>>> print(open('my_file.tsv').read())   # TSV, C-alpha atoms
chain	number	residue	atom	x	y	z
A	11	MET	CA	-11.44	-1.72	14.43
A	12	HIS	CA	-9.45	-4.27	12.43
A	13	GLU	CA	-6.08	-2.67	13.24
A	14	LEU	CA	-4.79	-5.96	14.67
A	15	GLY	CA	-5.19	-7.68	11.30
A	16	ILE	CA	-3.57	-4.71	9.56
A	17	ALA	CA	-0.62	-4.83	11.99
A	18	VAL	CA	-0.16	-8.56	11.28
A	19	GLN	CA	-0.12	-7.83	7.52
A	20	VAL	CA	2.42	-5.03	8.00
A	21	VAL	CA	4.78	-7.29	9.94
A	22	GLU	CA	4.40	-10.12	7.40
A	23	SER	CA	5.02	-7.83	4.42
A	24	ALA	CA	8.00	-6.17	6.08
A	25	VAL	CA	9.64	-9.45	7.09
A	26	SER	CA	9.16	-10.97	3.62
A	27	SER	CA	10.69	-7.87	1.98
A	28	ILE	CA	14.03	-8.14	3.75
A	29	PRO	CA	16.70	-9.30	1.28
A	30	SER	CA	18.52	-12.50	2.19
A	31	SER	CA	21.79	-10.61	2.74
A	32	LEU	CA	20.15	-8.72	5.61
A	33	GLN	CA	18.17	-11.58	7.17
A	34	GLY	CA	18.14	-11.39	10.94
A	35	GLN	CA	19.18	-7.73	11.05
A	36	PRO	CA	16.87	-5.52	13.09
A	37	VAL	CA	14.46	-3.26	11.21
A	38	LYS	CA	14.93	0.35	12.33
A	39	LYS	CA	11.94	1.96	10.72
A	40	VAL	CA	8.66	0.99	9.00
A	41	THR	CA	6.88	3.70	7.00
A	42	LEU	CA	3.17	3.49	6.16
A	43	ASP	CA	0.78	5.73	4.20
A	44	ILE	CA	-2.67	5.74	5.81
A	45	GLY	CA	-5.48	7.77	4.27
A	46	LYS	CA	-7.77	9.74	6.55
A	47	MET	CA	-10.70	7.83	5.03
A	48	ALA	CA	-9.14	4.36	5.38
A	49	GLY	CA	-10.99	3.56	8.60
A	50	ILE	CA	-7.77	3.09	10.55
A	51	THR	CA	-6.93	4.77	13.85
A	52	ALA	CA	-3.21	5.50	14.09
A	53	HIS	CA	-2.88	5.01	17.84
A	54	SER	CA	-4.72	1.64	17.72
A	55	LEU	CA	-2.45	0.54	14.91
A	56	ARG	CA	0.65	1.55	16.91
A	57	PHE	CA	-0.64	-0.39	19.91
A	58	CYS	CA	-1.28	-3.52	17.81
A	59	PHE	CA	2.03	-3.17	15.96
A	60	GLU	CA	3.87	-3.13	19.27
A	61	ILE	CA	2.23	-6.42	20.23
A	62	VAL	CA	2.58	-8.32	16.96
A	63	SER	CA	6.15	-7.17	16.26
A	64	LYS	CA	7.38	-8.68	19.55
A	65	GLY	CA	9.87	-11.46	18.95
A	66	THR	CA	10.45	-10.41	15.33
A	67	VAL	CA	13.17	-8.29	13.72
A	68	LEU	CA	10.68	-5.41	13.87
A	69	GLU	CA	10.47	-5.44	17.65
A	70	THR	CA	12.48	-2.26	18.19
A	71	SER	CA	11.48	-0.51	14.96
A	72	GLU	CA	9.94	2.93	14.79
A	73	LEU	CA	6.51	2.96	13.10
A	74	VAL	CA	6.15	6.08	10.94
A	75	ILE	CA	2.59	6.77	9.79
A	76	ASN	CA	2.11	9.36	7.04
A	77	GLU	CA	-1.48	10.55	7.31
A	78	ILE	CA	-2.79	11.23	3.81
A	79	PRO	CA	-5.55	13.85	3.63
A	80	VAL	CA	-8.76	13.32	1.67
A	81	THR	CA	-8.31	15.40	-1.48
A	82	ALA	CA	-10.73	15.92	-4.34
A	83	LYS	CA	-10.76	17.40	-7.82
A	84	CYS	CA	-13.82	18.82	-9.53
A	85	ARG	CA	-14.45	17.42	-13.01
A	86	SER	CA	-16.33	20.57	-14.02
A	87	CYS	CA	-14.21	23.49	-12.80
A	88	LEU	CA	-11.01	21.50	-12.14
A	89	SER	CA	-10.47	23.03	-8.71
A	90	GLU	CA	-8.67	20.89	-6.13
A	91	TRP	CA	-9.12	20.99	-2.37
A	92	ILE	CA	-8.77	19.05	0.88
A	93	ILE	CA	-12.01	17.56	2.23
A	94	THR	CA	-12.13	18.11	5.99
A	95	GLU	CA	-15.79	17.33	6.66
A	96	PRO	CA	-18.01	14.71	5.03
A	97	ILE	CA	-19.32	16.86	2.20
A	98	PHE	CA	-18.45	15.57	-1.25
A	99	LEU	CA	-19.52	18.57	-3.32
A	100	CYS	CA	-17.17	20.96	-5.14
A	101	GLU	CA	-16.09	23.75	-2.81
A	102	LYS	CA	-16.15	26.24	-5.66
A	103	CYS	CA	-19.04	25.40	-7.98
A	104	GLY	CA	-21.09	23.04	-5.76
A	105	THR	CA	-21.34	20.22	-8.31
A	106	PRO	CA	-21.27	16.60	-7.12
A	107	ASP	CA	-19.20	15.66	-10.16
A	108	ILE	CA	-15.93	15.21	-8.30
A	109	ASN	CA	-13.09	12.70	-8.11
A	110	VAL	CA	-11.76	11.72	-4.71
A	111	GLU	CA	-8.04	11.67	-5.44
A	112	THR	CA	-6.47	10.60	-2.14
A	113	GLY	CA	-7.49	9.54	1.35
A	114	ARG	CA	-8.10	5.78	1.11
A	115	GLU	CA	-4.45	4.71	1.09
A	116	LEU	CA	-3.41	1.74	3.19
A	117	LEU	CA	0.11	1.18	2.04
A	118	ILE	CA	3.41	-0.10	3.38
A	119	ARG	CA	5.81	2.38	1.84
A	120	SER	CA	9.27	1.26	2.97
A	121	ILE	CA	11.38	-0.27	5.69
A	122	GLU	CA	14.83	0.65	6.94
A	123	VAL	CA	17.01	-2.30	7.92
A	124	ALA	CA	20.15	-1.93	10.04
A	125	ASP	CA	23.24	-2.45	7.88
A	126	ASN	CA	24.95	-5.77	8.33
A	127	GLN	CA	28.17	-4.95	10.17
A	128	ASN	CA	29.74	-8.32	9.33
A	129	ILE	CA	29.84	-7.68	5.57
B	14	MET	CA	19.49	0.40	4.36
B	15	GLU	CA	16.17	1.73	3.04
B	16	ILE	CA	14.02	-0.80	1.16
B	17	GLU	CA	11.09	0.44	-0.92
B	18	ILE	CA	8.01	-1.81	-0.64
B	19	ASN	CA	5.02	0.23	-1.86
B	20	GLN	CA	2.56	-2.60	-1.29
B	21	LYS	CA	-1.12	-2.33	-0.40
B	22	ILE	CA	-1.67	-3.75	3.06
B	23	LEU	CA	-4.95	-5.34	1.96
B	24	ASP	CA	-3.38	-6.82	-1.20
B	25	ALA	CA	-4.14	-10.37	-0.09
B	26	ASN	CA	-7.84	-9.60	0.42
B	27	ASP	CA	-8.09	-7.70	-2.87
B	28	GLY	CA	-6.58	-10.70	-4.68
B	29	ASP	CA	-9.13	-13.05	-3.11
B	30	ALA	CA	-11.93	-10.61	-3.99
B	31	ASP	CA	-10.83	-10.59	-7.65
B	32	GLU	CA	-10.93	-14.40	-7.69
B	33	ASN	CA	-14.44	-14.34	-6.20
B	34	ARG	CA	-15.57	-11.78	-8.78
B	35	GLN	CA	-14.28	-13.97	-11.62
B	36	MET	CA	-16.07	-17.04	-10.21
B	37	PHE	CA	-19.35	-15.08	-9.84
B	38	LEU	CA	-18.99	-13.88	-13.41
B	39	GLU	CA	-18.53	-17.43	-14.72
B	40	LYS	CA	-21.55	-18.62	-12.75
B	41	GLN	CA	-23.60	-15.55	-13.79
B	42	VAL	CA	-24.46	-14.80	-10.19
B	43	PHE	CA	-25.14	-11.24	-9.08
B	44	VAL	CA	-23.70	-10.56	-5.63
B	45	LEU	CA	-25.15	-7.99	-3.26
B	46	ASN	CA	-23.25	-6.95	-0.13
B	47	VAL	CA	-25.68	-5.67	2.52
B	48	MET	CA	-24.19	-3.65	5.37
B	49	SER	CA	-25.57	-1.74	8.34
B	50	ALA	CA	-25.20	-1.02	12.03
B	51	PRO	CA	-26.51	-3.75	14.37
B	52	GLY	CA	-30.27	-3.59	14.75
B	53	SER	CA	-31.25	-1.61	11.67
B	54	GLY	CA	-33.36	-4.50	10.39
B	55	LYS	CA	-31.19	-6.16	7.73
B	56	THR	CA	-32.47	-9.68	8.29
B	57	THR	CA	-36.20	-8.84	8.28
B	58	LEU	CA	-35.66	-6.68	5.22
B	59	LEU	CA	-33.88	-9.50	3.41
B	60	VAL	CA	-36.50	-12.08	4.36
B	61	LYS	CA	-39.22	-9.86	2.86
B	62	THR	CA	-37.11	-8.99	-0.19
B	63	ILE	CA	-36.36	-12.66	-0.92
B	64	THR	CA	-40.06	-13.52	-0.62
B	65	ARG	CA	-40.74	-10.90	-3.31
B	66	LEU	CA	-37.98	-12.12	-5.64
B	67	GLN	CA	-38.47	-15.87	-5.49
B	68	PRO	CA	-39.01	-17.88	-7.65
B	69	ASP	CA	-38.34	-15.53	-10.63
B	70	ILE	CA	-34.96	-14.63	-9.22
B	71	ARG	CA	-33.39	-17.57	-7.42
B	72	CYS	CA	-31.67	-16.37	-4.27
B	73	ALA	CA	-29.09	-17.69	-1.81
B	74	VAL	CA	-27.71	-16.00	1.29
B	75	ILE	CA	-24.44	-15.88	3.18
B	76	VAL	CA	-24.96	-14.34	6.58
B	77	GLY	CA	-22.15	-13.14	8.79
B	78	ASP	CA	-22.47	-12.79	12.53
B	79	ILE	CA	-19.94	-12.78	15.28
B	80	SER	CA	-22.01	-15.44	17.01
B	81	THR	CA	-25.38	-17.35	16.92
B	82	THR	CA	-27.31	-18.80	13.95
B	83	ASN	CA	-30.55	-16.90	14.65
B	84	ASP	CA	-30.37	-14.77	11.50
B	85	ALA	CA	-29.60	-17.80	9.32
B	86	ASP	CA	-32.59	-19.66	10.76
B	87	ARG	CA	-34.91	-16.75	9.95
B	88	LEU	CA	-33.56	-16.51	6.39
B	89	ALA	CA	-33.71	-20.29	5.85
B	90	ALA	CA	-37.44	-20.17	6.60
B	91	THR	CA	-37.89	-18.53	3.16
B	92	GLY	CA	-36.76	-21.81	1.60
B	93	VAL	CA	-33.53	-20.53	0.05
B	94	ASP	CA	-30.03	-21.90	0.73
B	95	VAL	CA	-28.34	-20.08	3.61
B	96	VAL	CA	-24.77	-20.34	4.84
B	97	GLN	CA	-23.93	-18.91	8.24
B	98	ILE	CA	-20.46	-17.56	8.94
B	99	ASN	CA	-19.65	-17.06	12.60
B	100	THR	CA	-16.42	-15.17	13.10
B	101	ASP	CA	-16.00	-16.09	16.77
B	102	ALA	CA	-18.19	-16.96	19.73
B	103	PHE	CA	-16.87	-14.14	21.92
B	104	GLY	CA	-16.15	-11.30	19.57
B	105	GLY	CA	-14.25	-12.09	16.39
B	106	ASP	CA	-13.78	-10.28	13.13
B	107	CYS	CA	-15.62	-7.03	12.61
B	108	HIS	CA	-16.15	-7.69	8.88
B	109	LEU	CA	-16.36	-10.49	6.32
B	110	SER	CA	-13.23	-10.95	4.24
B	111	ALA	CA	-13.09	-12.21	0.65
B	112	ARG	CA	-11.55	-15.47	1.86
B	113	ARG	CA	-14.46	-16.18	4.20
B	114	ILE	CA	-16.86	-15.67	1.29
B	115	GLU	CA	-14.88	-18.03	-0.93
B	116	GLU	CA	-15.11	-20.73	1.74
B	117	ALA	CA	-18.83	-20.19	2.31
B	118	VAL	CA	-19.68	-20.17	-1.40
B	119	ALA	CA	-18.17	-23.64	-1.85
B	120	THR	CA	-21.21	-25.15	-0.12
B	121	LEU	CA	-23.79	-23.33	-2.30
B	122	PRO	CA	-25.29	-24.64	-5.58
B	123	LEU	CA	-24.28	-21.51	-7.54
B	124	ASP	CA	-25.41	-22.98	-10.87
B	125	SER	CA	-29.00	-22.57	-9.76
B	126	VAL	CA	-28.59	-19.15	-8.13
B	127	ASP	CA	-29.21	-15.76	-9.77
B	128	LEU	CA	-28.68	-13.53	-6.75
B	129	LEU	CA	-26.32	-14.16	-3.86
B	130	ILE	CA	-27.03	-11.86	-0.94
B	131	ILE	CA	-24.28	-11.39	1.61
B	132	GLU	CA	-25.53	-10.04	4.91
B	133	ASN	CA	-22.38	-8.56	6.38
B	134	ILE	CA	-21.58	-8.24	10.08
B	135	GLY	CA	-23.45	-5.38	11.77
B	136	ASN	CA	-20.86	-2.60	11.67
B	137	LEU	CA	-20.73	0.68	9.74
B	138	VAL	CA	-16.94	0.99	9.77
B	139	CYS	CA	-14.91	-2.06	8.79
B	140	PRO	CA	-17.04	-3.85	6.16
B	141	ALA	CA	-16.75	-0.71	4.00
B	142	GLU	CA	-13.01	-1.35	3.74
B	143	PHE	CA	-13.13	-4.92	2.49
B	144	ASP	CA	-13.88	-5.83	-1.11
B	145	ILE	CA	-15.45	-9.31	-1.17
B	146	GLY	CA	-16.01	-9.55	-4.93
B	147	GLU	CA	-19.54	-8.15	-4.90
B	148	ASP	CA	-21.36	-6.39	-7.77
B	149	ALA	CA	-23.25	-3.88	-5.62
B	150	ARG	CA	-23.29	-2.66	-2.05
B	151	VAL	CA	-26.23	-1.34	-0.11
B	152	VAL	CA	-26.32	0.19	3.34
B	153	VAL	CA	-29.35	-0.18	5.58
B	154	ILE	CA	-30.08	2.62	8.04
B	155	SER	CA	-33.20	3.02	10.14
B	156	VAL	CA	-35.21	5.99	11.40
B	157	THR	CA	-34.41	5.03	14.99
B	158	GLU	CA	-30.77	5.97	14.36
B	159	GLY	CA	-29.59	9.59	14.34
B	160	GLU	CA	-30.10	11.90	11.34
B	161	ASP	CA	-26.34	12.51	11.42
B	162	LYS	CA	-25.41	8.83	11.11
B	163	PRO	CA	-24.31	9.24	7.47
B	164	LEU	CA	-22.04	12.10	8.55
B	165	LYS	CA	-20.50	9.93	11.26
B	166	TYR	CA	-19.75	7.06	8.87
B	167	PRO	CA	-19.02	8.80	5.56
B	168	LEU	CA	-16.93	6.02	4.03
B	169	MET	CA	-19.80	3.53	4.27
B	170	PHE	CA	-22.21	5.88	2.50
B	171	ARG	CA	-19.51	6.80	0.00
B	172	VAL	CA	-18.79	3.21	-1.10
B	173	CYS	CA	-22.40	2.02	-1.34
B	174	ASP	CA	-24.61	2.07	-4.43
B	175	ALA	CA	-27.92	2.60	-2.59
B	176	THR	CA	-29.31	3.33	0.85
B	177	LEU	CA	-32.30	1.50	2.29
B	178	TYR	CA	-34.01	3.69	4.87
B	179	ASN	CA	-35.80	1.19	7.09
B	180	LYS	CA	-38.52	1.30	9.78
B	181	THR	CA	-40.42	4.18	8.14
B	182	ASP	CA	-43.61	2.81	9.77
B	183	LEU	CA	-42.25	4.24	13.04
B	184	LEU	CA	-41.99	7.81	11.71
B	185	PRO	CA	-45.36	8.98	13.14
B	186	HIS	CA	-44.09	8.10	16.62
B	187	LEU	CA	-40.71	9.83	16.35
B	188	ASP	CA	-39.33	13.36	16.08
B	189	TYR	CA	-37.17	12.32	13.20
B	190	ASP	CA	-36.07	14.74	10.50
B	191	MET	CA	-36.00	12.38	7.53
B	192	ALA	CA	-35.40	15.23	5.05
B	193	GLN	CA	-32.27	16.27	6.96
B	194	ALA	CA	-30.97	12.70	6.99
B	195	VAL	CA	-31.54	12.34	3.22
B	196	THR	CA	-29.80	15.70	2.66
B	197	ASN	CA	-26.83	14.44	4.66
B	198	ILE	CA	-26.61	11.32	2.49
B	199	GLY	CA	-26.80	13.52	-0.62
B	200	ARG	CA	-23.77	15.51	0.53
B	201	ILE	CA	-21.68	12.39	1.02
B	202	HIS	CA	-22.80	10.48	-2.06
B	203	PRO	CA	-24.64	12.80	-4.41
B	204	GLY	CA	-27.06	10.98	-6.69
B	205	MET	CA	-27.12	7.71	-4.73
B	206	PRO	CA	-30.66	6.25	-4.66
B	207	VAL	CA	-32.31	6.28	-1.23
B	208	PHE	CA	-35.24	3.88	-0.73
B	209	PRO	CA	-37.46	4.58	2.29
B	210	VAL	CA	-38.92	1.20	3.29
B	211	SER	CA	-40.62	-0.57	6.13
B	212	ALA	CA	-39.55	-4.19	6.42
B	213	ARG	CA	-42.49	-4.74	8.78
B	214	THR	CA	-45.27	-3.49	6.50
B	215	CYS	CA	-43.43	-3.80	3.12
B	216	ASP	CA	-44.22	-0.14	2.41
B	217	GLY	CA	-41.88	1.30	-0.23
B	218	PHE	CA	-40.69	-2.11	-1.40
B	219	ASP	CA	-41.67	-1.73	-5.07
B	220	PRO	CA	-38.92	0.73	-6.14
B	221	TRP	CA	-36.28	-1.12	-4.11
B	222	VAL	CA	-37.17	-4.55	-5.51
B	223	ALA	CA	-37.36	-3.10	-9.04
B	224	TRP	CA	-33.87	-1.54	-8.64
B	225	LEU	CA	-32.43	-4.86	-7.46
B	226	LYS	CA	-34.15	-6.92	-10.18
B	227	GLU	CA	-32.81	-4.56	-12.84
B	228	LYS	CA	-29.26	-4.94	-11.53
B	229	VAL	CA	-29.49	-8.75	-11.49
B	230	CYS	CA	-30.92	-8.84	-15.02
B	231	GLU	CA	-28.35	-6.36	-16.35
B	232	LYS	CA	-25.49	-8.66	-15.33
B	233	LYS	CA	-27.16	-11.76	-16.82
B	234	LEU	CA	-27.88	-9.90	-20.04
B	235	ALA	CA	-24.33	-8.56	-20.33
B	236	MET	CA	-22.95	-12.06	-19.80
B	237	ASN	CA	-25.28	-13.63	-22.35
B	238	ILE	CA	-24.48	-10.99	-24.98
B	239	LYS	CA	-20.79	-11.66	-24.39
B	240	LYS	CA	-21.35	-15.41	-24.76
B	241	LEU	CA	-23.40	-14.98	-27.96
B	242	SER	CA	-20.87	-12.65	-29.53
B	243	SER	CA	-18.04	-15.08	-28.77
B	244	VAL	CA	-20.06	-17.89	-30.42
B	245	ALA	CA	-20.74	-15.64	-33.44
B	246	CYS	CA	-17.02	-14.98	-33.83
>>> encode(input="my_file.tsv", output="C-alpha cells")
Amino acid sequence: MHELGIAVQVVESAVSSIPSSLQGQPVKKVTLDIGKMAGITAHSLRFCFEIVSKGTVLETSELVINEIPVTAKCRSCLSEWIITEPIFLCEKCGTPDINVETGRELLIRSIEVADNQNI
Amino acid sequence: MEIEINQKILDANDGDADENRQMFLEKQVFVLNVMSAPGSGKTTLLVKTITRLQPDIRCAVIVGDISTTNDADRLAATGVDVVQINTDAFGGDCHLSARRIEEAVATLPLDSVDLLIIENIGNLVCPAEFDIGEDARVVVISVTEGEDKPLKYPLMFRVCDATLYNKTDLLPHLDYDMAQAVTNIGRIHPGMPVFPVSARTCDGFDPWVAWLKEKVCEKKLAMNIKKLSSVAC
C-alpha cells in the first residue's frame, strides 16, 4: 500500500549511489530484493517506479525484483523449509520454536549504469 | 558498470526509530504501538484502558488518522495529553512513520509520562512494516471480523506482542468460532498472549491491564537499576 514511498526511496538511493564519474549517465538496471512477507506488491511497485523515475537517469531502467521466499529453521530439530502458508510451526516436529530466516527483505541490491563513452 | 548498493530501503525510517527509542529510554517512557483494521474498537478500548491506568500510570496518546480529530477528542476526554496526527484530508499515508512520531512527541510533556500510547492508522498491512521506536506492539481484532483475519494478515500477527480480541459482548448474537480464530493466531505467532475483551462492558480487562502495567513497570525498573549501578560504580 505504501509502494509509492518505497519507489521514491529506491530512486533516491540509486541516484545518490552513482559515482561522480558516471553522473548523468542513464541507469540500465535496478535490482531489488523483496521478501514475500515484506508487505510489498511487485506490480504496484513497478507502476510507482515508472512514475517516480520519470525525468531522472532511471527513466529507462529495467526494474529487477528478486522475490525472496519466507524460510524458517527449527531450533529443536534444525530442519529448514519454505513457509508457503501462514503457519509458523516446524514442518517436521511441530514445535513453535522456530527462526524465520528470510522473507522480510526490502533491499536495494545494485544498479547498473551505462558506461561513460566519453572517457 | 554494476554498482553494489545493498542498502535497506527503509533505512531512513529505521534510523529515526532508533533515535526515538533512545529518547524514550532517556525519558523512561514505555511506548505501546496499537494497530488494527478500521472499526475494531481501538479508541474505545484505549479510553477505557487509560481510565483504568490513571493516575498510577501517567498516560499520553498520539493518535493517527488519515483525517478528522474525532478520535483525539474522545481520548482527550479522559484528561490525558493527546496529539492528533492527520496524514492527509483526502487519503494520505497508510501508516505512521518514525519521523511523524518524533514531531508529535515534541509537543508532549514526556517528563511526566510513564506510558505513551500510539494509536496507529486503521490498517492491518502497512503499520506492521514501520518501526516507530516502540517497546511493544498490540493488534486489536474484533469478533465482527472473520475468523481467518489473522491468516489474511500474518505479518501483523507475527510482529505483535499481544492480541486484544474485542467486542466479546457481541458473541451471543453471532455465529463466530472464537476457538478457531484463536487457533489461527496460535499458528502464526505461537505463545502470543490473546486477551478477549469487551471495550463496551470492560469484561476481560483485568488480565490485559495487568499485562500492560507489568510491561511499563519492567522498563522503569530496568532503567532505575541501570542508573543505580552506574552511580555505584
>>> closest_residue(input="my_file.tsv", among="A:Gly113, A:Lys83, A:Met47, A:Ile75", to="Cys100 in chain A", atoms="only C-alpha atoms")
A:Lys83
>>> atom_distance(input="my_file.tsv", atom1="CA of Ala30 in chain B", atom2="CA of Tyr178 in chain B")
27.8 Å
>>> interface_residues(input="my_file.tsv", of="chain B", to="chain A", cutoff="7 Å", atoms="only C-alpha atoms", output="ChimeraX atom specification")
/B:14-22,107,138-139,164,167-168,200-203
>>> atom_distance(input="my_file.tsv", atom1="CA of Asp94 in chain B", atom2="CA of Val74 in chain B")
6.4 Å
>>> closest_residue(input="my_file.tsv", among="A:Val21, A:Phe57, A:Glu111, A:Thr66", to="Trp91 in chain A", atoms="only C-alpha atoms")
A:Glu111
>>> closest_residue(input="my_file.tsv", among="B:Ala85, B:Cys230, B:Val156, B:Met236", to="Gly54 in chain B", atoms="all atoms listed in the file")
B:Val156
>>> closest_residue(input="my_file.tsv", among="B:Ser242, B:Thr91, B:Asn237, B:Asn197", to="Gln41 in chain B", atoms="all atoms listed in the file")
B:Asn237
>>> closest_residue(input="my_file.tsv", among="A:Ile92, A:Ala82, A:Val110, A:Leu14", to="Phe59 in chain A", atoms="only C-alpha atoms")
A:Leu14
>>> atom_distance(input="my_file.tsv", atom1="CA of Asp78 in chain B", atom2="CA of Thr100 in chain B")
6.5 Å
>>> residues_near_point(input="my_file.tsv", point="(-30.6, -4.4, -9.7)", cutoff="12 Å", atoms="only C-alpha atoms", output="list in words")
Phe43, Val44, Leu45, Leu66, Ile70, Asp127, Leu128, Asp148, Ala149, Arg150, Val151, Asp174, Ala175, Pro206, Pro220, Trp221, Val222, Ala223, Trp224, Leu225, Lys226, Glu227, Lys228, Val229, Cys230, Glu231, Lys232 and Lys233 of chain B
>>> closest_residue(input="my_file.tsv", among="A:Gly45, A:Cys87, A:His53, A:Leu68", to="Ser26 in chain A", atoms="all atoms listed in the file")
A:Leu68
